[in-house]
>>> print(open('model-v1.cif').read())   # mmCIF, C-alpha atoms
data_protein
#
loop_
_atom_site.label_atom_id
_atom_site.label_comp_id
_atom_site.auth_asym_id
_atom_site.auth_seq_id
_atom_site.Cartn_x
_atom_site.Cartn_y
_atom_site.Cartn_z
CA VAL A 1 24.69 -174.70 0.46
CA LEU A 2 21.34 -174.50 -1.31
CA TRP A 3 20.02 -172.12 1.36
CA ARG A 4 22.92 -169.85 0.79
CA ARG A 5 22.14 -169.75 -2.93
CA VAL A 6 18.38 -169.37 -2.70
CA PHE A 7 18.19 -166.70 0.08
CA PRO A 8 20.25 -164.00 -1.71
CA SER A 9 18.09 -164.36 -4.80
CA MET A 10 14.92 -164.02 -2.75
CA VAL A 11 16.27 -160.95 -1.00
CA HIS A 12 17.30 -159.42 -4.30
CA LYS A 13 13.88 -160.10 -5.86
CA LYS A 14 12.01 -158.57 -2.89
CA PHE A 15 14.26 -155.50 -2.96
CA THR A 16 13.68 -155.12 -6.69
CA ASN A 17 9.90 -155.27 -6.26
CA ARG A 18 9.96 -152.61 -3.55
CA LEU A 19 12.17 -150.36 -5.65
CA THR A 20 9.80 -150.70 -8.63
CA HIS A 21 6.80 -149.90 -6.39
CA CYS A 22 8.52 -146.76 -5.07
CA ASN A 23 9.40 -145.65 -8.57
CA MET A 24 5.77 -145.96 -9.63
CA LYS A 25 4.61 -143.88 -6.65
CA LEU A 26 7.22 -141.24 -7.41
CA PHE A 27 6.15 -141.14 -11.05
CA SER A 28 2.52 -140.74 -10.03
CA VAL A 29 3.36 -137.82 -7.73
CA LEU A 30 5.45 -136.11 -10.42
CA SER A 31 2.70 -136.60 -13.00
CA MET A 32 0.09 -135.03 -10.72
CA ALA A 33 2.40 -132.09 -9.97
CA LEU A 34 3.03 -131.50 -13.67
CA PHE A 35 -0.68 -131.68 -14.45
CA GLY A 36 -1.48 -129.22 -11.67
CA SER A 37 1.12 -126.70 -12.85
CA ALA A 38 -0.08 -127.00 -16.44
CA ALA A 39 -3.64 -126.36 -15.32
CA ALA A 40 -2.55 -123.29 -13.35
CA PHE A 41 -0.94 -121.63 -16.37
CA ALA A 42 -3.54 -122.66 -18.92
CA PRO A 43 -5.45 -119.75 -20.64
CA ALA A 44 -8.87 -118.89 -19.25
CA PRO A 45 -11.82 -120.24 -21.16
CA VAL A 46 -13.27 -117.87 -23.74
CA ASN A 47 -16.89 -116.80 -23.34
CA VAL A 48 -18.06 -116.71 -26.91
CA ASN A 49 -21.49 -115.39 -26.02
CA SER A 50 -20.17 -112.30 -24.15
CA ARG A 51 -17.99 -111.34 -27.11
CA ALA A 52 -20.90 -111.63 -29.44
CA VAL A 53 -23.09 -109.44 -27.23
CA ALA A 54 -20.43 -106.76 -26.60
CA PRO A 55 -20.56 -105.15 -30.08
CA VAL A 56 -24.34 -104.94 -29.81
CA ASN A 57 -24.13 -103.22 -26.43
CA MET A 58 -21.46 -100.83 -27.68
CA ALA A 59 -23.55 -100.00 -30.74
CA ALA A 60 -26.51 -99.30 -28.49
CA ALA A 61 -24.40 -97.02 -26.28
CA GLU A 62 -23.07 -95.17 -29.32
CA GLY A 63 -26.60 -94.68 -30.54
CA GLU A 64 -27.60 -93.08 -27.26
CA PHE A 65 -24.80 -90.45 -27.46
CA TYR A 66 -24.94 -89.87 -31.21
CA ILE A 67 -25.53 -86.21 -32.24
CA ASP A 68 -27.09 -85.81 -35.66
CA GLN A 69 -25.99 -83.20 -38.20
CA ASN A 70 -28.88 -80.82 -37.50
CA ARG A 71 -28.00 -80.62 -33.82
CA ARG A 72 -24.38 -80.14 -34.70
CA ASN A 73 -25.23 -77.24 -37.01
CA LEU A 74 -27.45 -75.68 -34.37
CA MET A 75 -24.68 -75.86 -31.78
CA ASN A 76 -22.25 -74.27 -34.26
CA LEU A 77 -24.71 -71.45 -34.96
CA ILE A 78 -25.17 -70.80 -31.25
CA LEU A 79 -21.39 -70.71 -30.75
CA VAL A 80 -20.80 -68.35 -33.69
CA GLY A 81 -23.72 -66.13 -32.67
CA SER A 82 -22.45 -65.83 -29.10
CA ALA A 83 -18.98 -64.92 -30.33
CA ALA A 84 -20.42 -62.34 -32.77
CA VAL A 85 -22.51 -60.68 -30.06
CA THR A 86 -19.50 -60.51 -27.73
CA VAL A 87 -17.15 -59.07 -30.38
CA GLY A 88 -19.83 -56.67 -31.64
CA GLY A 89 -20.57 -55.43 -28.14
CA LEU A 90 -16.90 -54.57 -27.71
CA ALA A 91 -16.19 -53.28 -31.22
CA VAL A 92 -19.22 -51.00 -31.81
CA PRO A 93 -18.61 -48.66 -28.84
CA TYR A 94 -14.91 -48.58 -29.70
CA ILE A 95 -15.65 -47.51 -33.31
CA LEU A 96 -18.33 -45.00 -32.28
CA PHE A 97 -15.84 -43.41 -29.92
CA PHE A 98 -13.96 -42.06 -32.98
CA VAL A 99 -17.07 -40.93 -34.89
CA PRO A 100 -17.95 -37.24 -34.41
CA PRO A 101 -21.27 -36.88 -32.58
CA SER A 102 -24.29 -35.83 -34.57
CA ALA A 103 -26.44 -32.88 -33.65
CA GLY A 104 -29.24 -33.61 -36.08
CA GLY A 105 -32.80 -34.08 -34.96
CA GLY A 106 -36.18 -34.98 -36.28
CA GLY A 107 -38.03 -32.98 -38.93
CA LEU A 108 -40.00 -31.06 -36.28
CA GLY A 109 -38.53 -28.64 -33.78
CA VAL A 110 -38.20 -29.23 -30.04
CA SER A 111 -38.49 -26.73 -27.23
CA ALA A 112 -35.31 -25.62 -25.53
CA LYS A 113 -35.17 -26.74 -21.91
CA ASP A 114 -33.19 -25.80 -18.85
CA ALA A 115 -31.20 -28.20 -16.64
CA LEU A 116 -34.39 -29.27 -14.85
CA GLY A 117 -36.22 -30.06 -18.08
CA ASN A 118 -38.48 -26.98 -18.04
CA ASP A 119 -39.28 -25.15 -21.28
CA LEU A 120 -37.45 -21.88 -21.86
CA PHE A 121 -39.45 -18.80 -22.88
CA GLU A 122 -37.73 -16.06 -24.84
CA LYS A 123 -39.06 -13.08 -22.85
CA GLU A 124 -38.12 -14.48 -19.44
CA TYR A 125 -34.81 -15.83 -20.75
CA LEU A 126 -33.66 -12.48 -22.18
CA ALA A 127 -34.69 -10.68 -19.03
CA ALA A 128 -32.28 -12.85 -17.05
CA LYS A 129 -29.34 -12.70 -19.50
CA LYS A 130 -26.98 -9.96 -20.61
CA ALA A 131 -25.72 -9.16 -24.09
CA GLY A 132 -22.97 -11.51 -25.24
CA ASP A 133 -24.21 -14.32 -22.99
CA HIS A 134 -23.56 -17.91 -24.08
CA SER A 135 -25.55 -20.31 -21.92
CA LEU A 136 -26.37 -23.96 -22.38
CA ALA A 137 -29.81 -25.44 -22.90
CA GLN A 138 -31.11 -28.88 -23.85
CA GLY A 139 -31.45 -28.98 -27.61
CA LEU A 140 -32.01 -31.55 -30.34
CA LYS A 141 -31.68 -35.13 -29.09
CA GLY A 142 -31.06 -33.67 -25.64
CA ASP A 143 -27.60 -32.43 -26.66
CA ALA A 144 -26.16 -29.43 -24.83
CA THR A 145 -26.73 -26.44 -27.12
CA TYR A 146 -25.66 -22.85 -26.72
CA LEU A 147 -28.22 -20.03 -26.82
CA ILE A 148 -26.41 -16.85 -27.83
CA VAL A 149 -27.58 -13.38 -26.82
CA LYS A 150 -26.46 -10.78 -29.37
CA GLU A 151 -25.19 -7.30 -28.53
CA ASP A 152 -28.60 -5.80 -29.27
CA GLY A 153 -30.14 -8.00 -26.58
CA THR A 154 -31.92 -10.42 -28.93
CA LEU A 155 -31.29 -14.12 -29.44
CA GLU A 156 -29.14 -15.36 -32.30
CA ASP A 157 -31.21 -17.22 -34.90
CA TYR A 158 -29.08 -20.36 -34.51
CA GLY A 159 -27.88 -22.49 -31.65
CA LEU A 160 -24.48 -24.18 -31.40
CA ASN A 161 -24.12 -27.79 -30.33
CA ALA A 162 -21.61 -27.83 -27.48
CA VAL A 163 -20.20 -31.29 -28.27
CA CYS A 164 -16.61 -31.15 -29.51
CA THR A 165 -16.15 -32.74 -32.93
CA HIS A 166 -12.85 -34.29 -31.86
CA LEU A 167 -13.74 -36.80 -29.14
CA GLY A 168 -17.09 -35.58 -27.84
CA CYS A 169 -16.23 -33.39 -24.85
CA VAL A 170 -18.57 -30.52 -23.95
CA VAL A 171 -16.82 -27.31 -25.02
CA PRO A 172 -17.17 -24.35 -22.60
CA TRP A 173 -17.39 -20.72 -23.70
CA SER A 174 -14.47 -18.51 -22.67
CA ALA A 175 -15.71 -14.91 -22.45
CA ALA A 176 -12.17 -13.65 -21.75
CA ASN A 177 -10.89 -15.16 -24.99
CA ASN A 178 -14.15 -14.67 -26.92
CA LYS A 179 -14.15 -18.26 -28.18
CA PHE A 180 -15.04 -21.80 -27.28
CA MET A 181 -12.08 -23.72 -25.80
CA CYS A 182 -12.15 -27.47 -25.28
CA PRO A 183 -10.38 -28.54 -22.08
CA CYS A 184 -9.83 -32.12 -23.24
CA HIS A 185 -7.35 -31.77 -26.12
CA GLY A 186 -7.11 -28.03 -26.75
CA SER A 187 -9.48 -27.58 -29.68
CA GLN A 188 -10.77 -24.01 -30.13
CA TYR A 189 -13.78 -22.58 -31.96
CA ALA A 190 -14.77 -19.07 -33.03
CA PRO A 191 -18.00 -17.50 -31.65
CA THR A 192 -19.81 -18.93 -34.69
CA GLY A 193 -18.51 -22.44 -33.95
CA ALA A 194 -15.93 -22.51 -36.77
CA VAL A 195 -12.69 -24.33 -36.00
CA VAL A 196 -9.86 -22.00 -34.97
CA ARG A 197 -7.44 -24.60 -33.65
CA GLY A 198 -7.31 -28.40 -33.88
CA PRO A 199 -7.31 -31.27 -33.35
CA ALA A 200 -11.08 -30.84 -33.93
CA PRO A 201 -11.69 -31.66 -37.62
CA LEU A 202 -15.14 -30.05 -38.01
CA PRO A 203 -17.06 -26.99 -36.79
CA LEU A 204 -19.69 -27.20 -34.07
CA ALA A 205 -23.05 -28.36 -35.39
CA LEU A 206 -25.77 -25.79 -36.02
CA ALA A 207 -29.47 -25.81 -35.15
CA HIS A 208 -32.15 -23.28 -36.12
CA ARG A 209 -33.43 -21.17 -33.21
CA THR A 210 -36.95 -19.73 -33.43
CA THR A 211 -39.77 -18.73 -31.11
CA ASP A 212 -43.31 -20.11 -31.36
CA ASP A 213 -46.57 -18.23 -30.76
CA ALA A 214 -46.45 -19.05 -27.04
CA GLY A 215 -43.01 -17.47 -26.73
CA THR A 216 -41.25 -20.81 -26.27
CA ILE A 217 -37.70 -21.06 -27.64
CA ILE A 218 -37.57 -23.74 -30.33
CA PHE A 219 -34.64 -25.67 -31.84
CA SER A 220 -35.05 -27.33 -35.24
CA PRO A 221 -32.62 -29.21 -37.53
CA TRP A 222 -30.27 -27.23 -39.76
CA THR A 223 -30.15 -29.02 -43.11
CA GLU A 224 -29.17 -26.30 -45.57
CA THR A 225 -25.69 -25.00 -46.41
CA ASP A 226 -23.34 -24.35 -43.50
CA PHE A 227 -22.64 -20.59 -43.76
CA ARG A 228 -19.22 -21.03 -42.11
CA THR A 229 -17.86 -23.52 -44.62
CA GLU A 230 -20.20 -22.87 -47.55
CA GLY A 231 -20.63 -26.62 -47.78
CA LYS A 232 -23.10 -29.32 -46.88
CA PRO A 233 -23.60 -29.75 -43.12
CA TRP A 234 -21.53 -32.71 -41.87
CA TRP A 235 -24.14 -33.61 -39.20
CA VAL A 236 -26.94 -34.25 -41.72
#
>>> encode(input="model-v1.cif", output="structure tokens")
Amino acid sequence: VLWRRVFPSMVHKKFTNRLTHCNMKLFSVLSMALFGSAAAFAPAPVNVNSRAVAPVNMAAAEGEFYIDQNRRNLMNLILVGSAAVTVGGLAVPYILFFVPPSAGGGGLGVSAKDALGNDLFEKEYLAAKKAGDHSLAQGLKGDATYLIVKEDGTLEDYGLNAVCTHLGCVVPWSAANNKFMCPCHGSQYAPTGAVVRGPAPLPLALAHRTTDDAGTIIFSPWTETDFRTEGKPWWV
């Protein structure tokens, strides 16, 4: 009877000890798992020294690429100057296109020249031309200028610049119509160069025509009153 009482208690005690031992092992495993997971999700350690050095490095980098005010002003001047040169290069020719060409020259006369650049001599020139002839020669500033042979076979004492005062075309002489007729826009001029029909706003420019001691035909600037308009010459 005693054996029956004692044996169940011993079995129960041994079973209880084993159960407690298993529980402790399970608790240890769970604790290690929890610790490992907590370590995996923990924030990375902060490197205090690298953060302290970073602003210094950034400041050094900014110093290397820093442009001072003088350089900035110089770059602005270069930019503005480049833009001004570009705009001026386009605007000046455009404006000059609408300005009537000038036939003025220097204070001294220049010799009239043919198409090859050779001086023209009055005696030889008149021998080759007929009365009423209007032929072109190189005049003041190299502009095409008409030499006019009068009906008596002598040269007119003025030359006429052949450049149209409208838009600068060279105006040919029309012997059939006895006037200068511009083929570009229809302007017409009398034999003296006065405007007969627009759109030309001004008469053809004048130049004095003389002959020097060597017989060379000379053109010189006309600065006195324009006999066609009785006003101041527009080309002066």
>>> closest_residue(input="model-v1.cif", among="A:Val171, A:Ala112, A:Leu160, A:Ala83", to="Ala200 in chain A", atoms="only C-alpha atoms")
A:Val171
>>> closest_residue(input="model-v1.cif", among="A:Ser220, A:Asn70, A:Ser82, A:Thr210", to="Glu156 in chain A", atoms="only C-alpha atoms")
A:Thr210
>>> resolve_selection(input="model-v1.cif", expression="the PyMOL selection byres ((chain A and resi 170) around 12)", output="compact mmCIF listing (two decimals) with C-alpha atoms, in the coordinates of the input")
# COMPACT_ATOMS: atom_id res chain seq x y z
CA PRO A 101 -21.27 -36.88 -32.58
CA LEU A 136 -26.37 -23.96 -22.38
CA ASP A 143 -27.60 -32.43 -26.66
CA ALA A 144 -26.16 -29.43 -24.83
CA THR A 145 -26.73 -26.44 -27.12
CA TYR A 146 -25.66 -22.85 -26.72
CA LEU A 160 -24.48 -24.18 -31.40
CA ASN A 161 -24.12 -27.79 -30.33
CA ALA A 162 -21.61 -27.83 -27.48
CA VAL A 163 -20.20 -31.29 -28.27
CA CYS A 164 -16.61 -31.15 -29.51
CA THR A 165 -16.15 -32.74 -32.93
CA HIS A 166 -12.85 -34.29 -31.86
CA LEU A 167 -13.74 -36.80 -29.14
CA GLY A 168 -17.09 -35.58 -27.84
CA CYS A 169 -16.23 -33.39 -24.85
CA VAL A 171 -16.82 -27.31 -25.02
CA PRO A 172 -17.17 -24.35 -22.60
CA TRP A 173 -17.39 -20.72 -23.70
CA PHE A 180 -15.04 -21.80 -27.28
CA MET A 181 -12.08 -23.72 -25.80
CA CYS A 182 -12.15 -27.47 -25.28
CA PRO A 183 -10.38 -28.54 -22.08
CA CYS A 184 -9.83 -32.12 -23.24
CA HIS A 185 -7.35 -31.77 -26.12
CA SER A 187 -9.48 -27.58 -29.68
CA GLN A 188 -10.77 -24.01 -30.13
CA LEU A 204 -19.69 -27.20 -34.07
>>> residues_near_point(input="model-v1.cif", point="(-30.4, -22.0, -31.4)", cutoff="10 Å", atoms="only C-alpha atoms", output="list in words")
Ala112, Ala137, Gly139, Leu140, Thr145, Tyr146, Leu147, Ile148, Leu155, Glu156, Asp157, Tyr158, Gly159, Leu160, Asn161, Leu206, Ala207, His208, Arg209, Thr210, Thr211, Ile217, Ile218, Phe219, Ser220, Pro221 and Trp222 of chain A
>>> write_last_selection(input="model-v1.cif", atoms="C-alpha atoms", output="PDB file, in the coordinates of the input")
ATOM      1  CA  ALA A 112     -35.310 -25.620 -25.530  1.00  0.00           C
ATOM      2  CA  ALA A 137     -29.810 -25.440 -22.900  1.00  0.00           C
ATOM      3  CA  GLY A 139     -31.450 -28.980 -27.610  1.00  0.00           C
ATOM      4  CA  LEU A 140     -32.010 -31.550 -30.340  1.00  0.00           C
ATOM      5  CA  THR A 145     -26.730 -26.440 -27.120  1.00  0.00           C
ATOM      6  CA  TYR A 146     -25.660 -22.850 -26.720  1.00  0.00           C
ATOM      7  CA  LEU A 147     -28.220 -20.030 -26.820  1.00  0.00           C
ATOM      8  CA  ILE A 148     -26.410 -16.850 -27.830  1.00  0.00           C
ATOM      9  CA  LEU A 155     -31.290 -14.120 -29.440  1.00  0.00           C
ATOM     10  CA  GLU A 156     -29.140 -15.360 -32.300  1.00  0.00           C
ATOM     11  CA  ASP A 157     -31.210 -17.220 -34.900  1.00  0.00           C
ATOM     12  CA  TYR A 158     -29.080 -20.360 -34.510  1.00  0.00           C
ATOM     13  CA  GLY A 159     -27.880 -22.490 -31.650  1.00  0.00           C
ATOM     14  CA  LEU A 160     -24.480 -24.180 -31.400  1.00  0.00           C
ATOM     15  CA  ASN A 161     -24.120 -27.790 -30.330  1.00  0.00           C
ATOM     16  CA  LEU A 206     -25.770 -25.790 -36.020  1.00  0.00           C
ATOM     17  CA  ALA A 207     -29.470 -25.810 -35.150  1.00  0.00           C
ATOM     18  CA  HIS A 208     -32.150 -23.280 -36.120  1.00  0.00           C
ATOM     19  CA  ARG A 209     -33.430 -21.170 -33.210  1.00  0.00           C
ATOM     20  CA  THR A 210     -36.950 -19.730 -33.430  1.00  0.00           C
ATOM     21  CA  THR A 211     -39.770 -18.730 -31.110  1.00  0.00           C
ATOM     22  CA  ILE A 217     -37.700 -21.060 -27.640  1.00  0.00           C
ATOM     23  CA  ILE A 218     -37.570 -23.740 -30.330  1.00  0.00           C
ATOM     24  CA  PHE A 219     -34.640 -25.670 -31.840  1.00  0.00           C
ATOM     25  CA  SER A 220     -35.050 -27.330 -35.240  1.00  0.00           C
ATOM     26  CA  PRO A 221     -32.620 -29.210 -37.530  1.00  0.00           C
ATOM     27  CA  TRP A 222     -30.270 -27.230 -39.760  1.00  0.00           C
TER      28      TRP A 222
END
>>> atom_distance(input="model-v1.cif", atom1="CA of Ala128 in chain A", atom2="CA of Asp114 in chain A")
13.1 Å
>>> atom_distance(input="model-v1.cif", atom1="CA of Val196 in chain A", atom2="CA of Ala175 in chain A")
15.5 Å
>>> resolve_selection(input="model-v1.cif", expression="the PyMOL selection byres ((chain A and resi 236) around 7)", output="list in words")
Gly104, Thr223, Pro233, Trp234 and Trp235 of chain A
>>> atom_distance(input="model-v1.cif", atom1="CA of Thr192 in chain A", atom2="CA of Ile95 in chain A")
28.9 Å
>>> closest_residue(input="model-v1.cif", among="A:Glu124, A:Gln69, A:Gly186, A:Val92", to="Gly198 in chain A", atoms="all atoms listed in the file")
A:Gly186
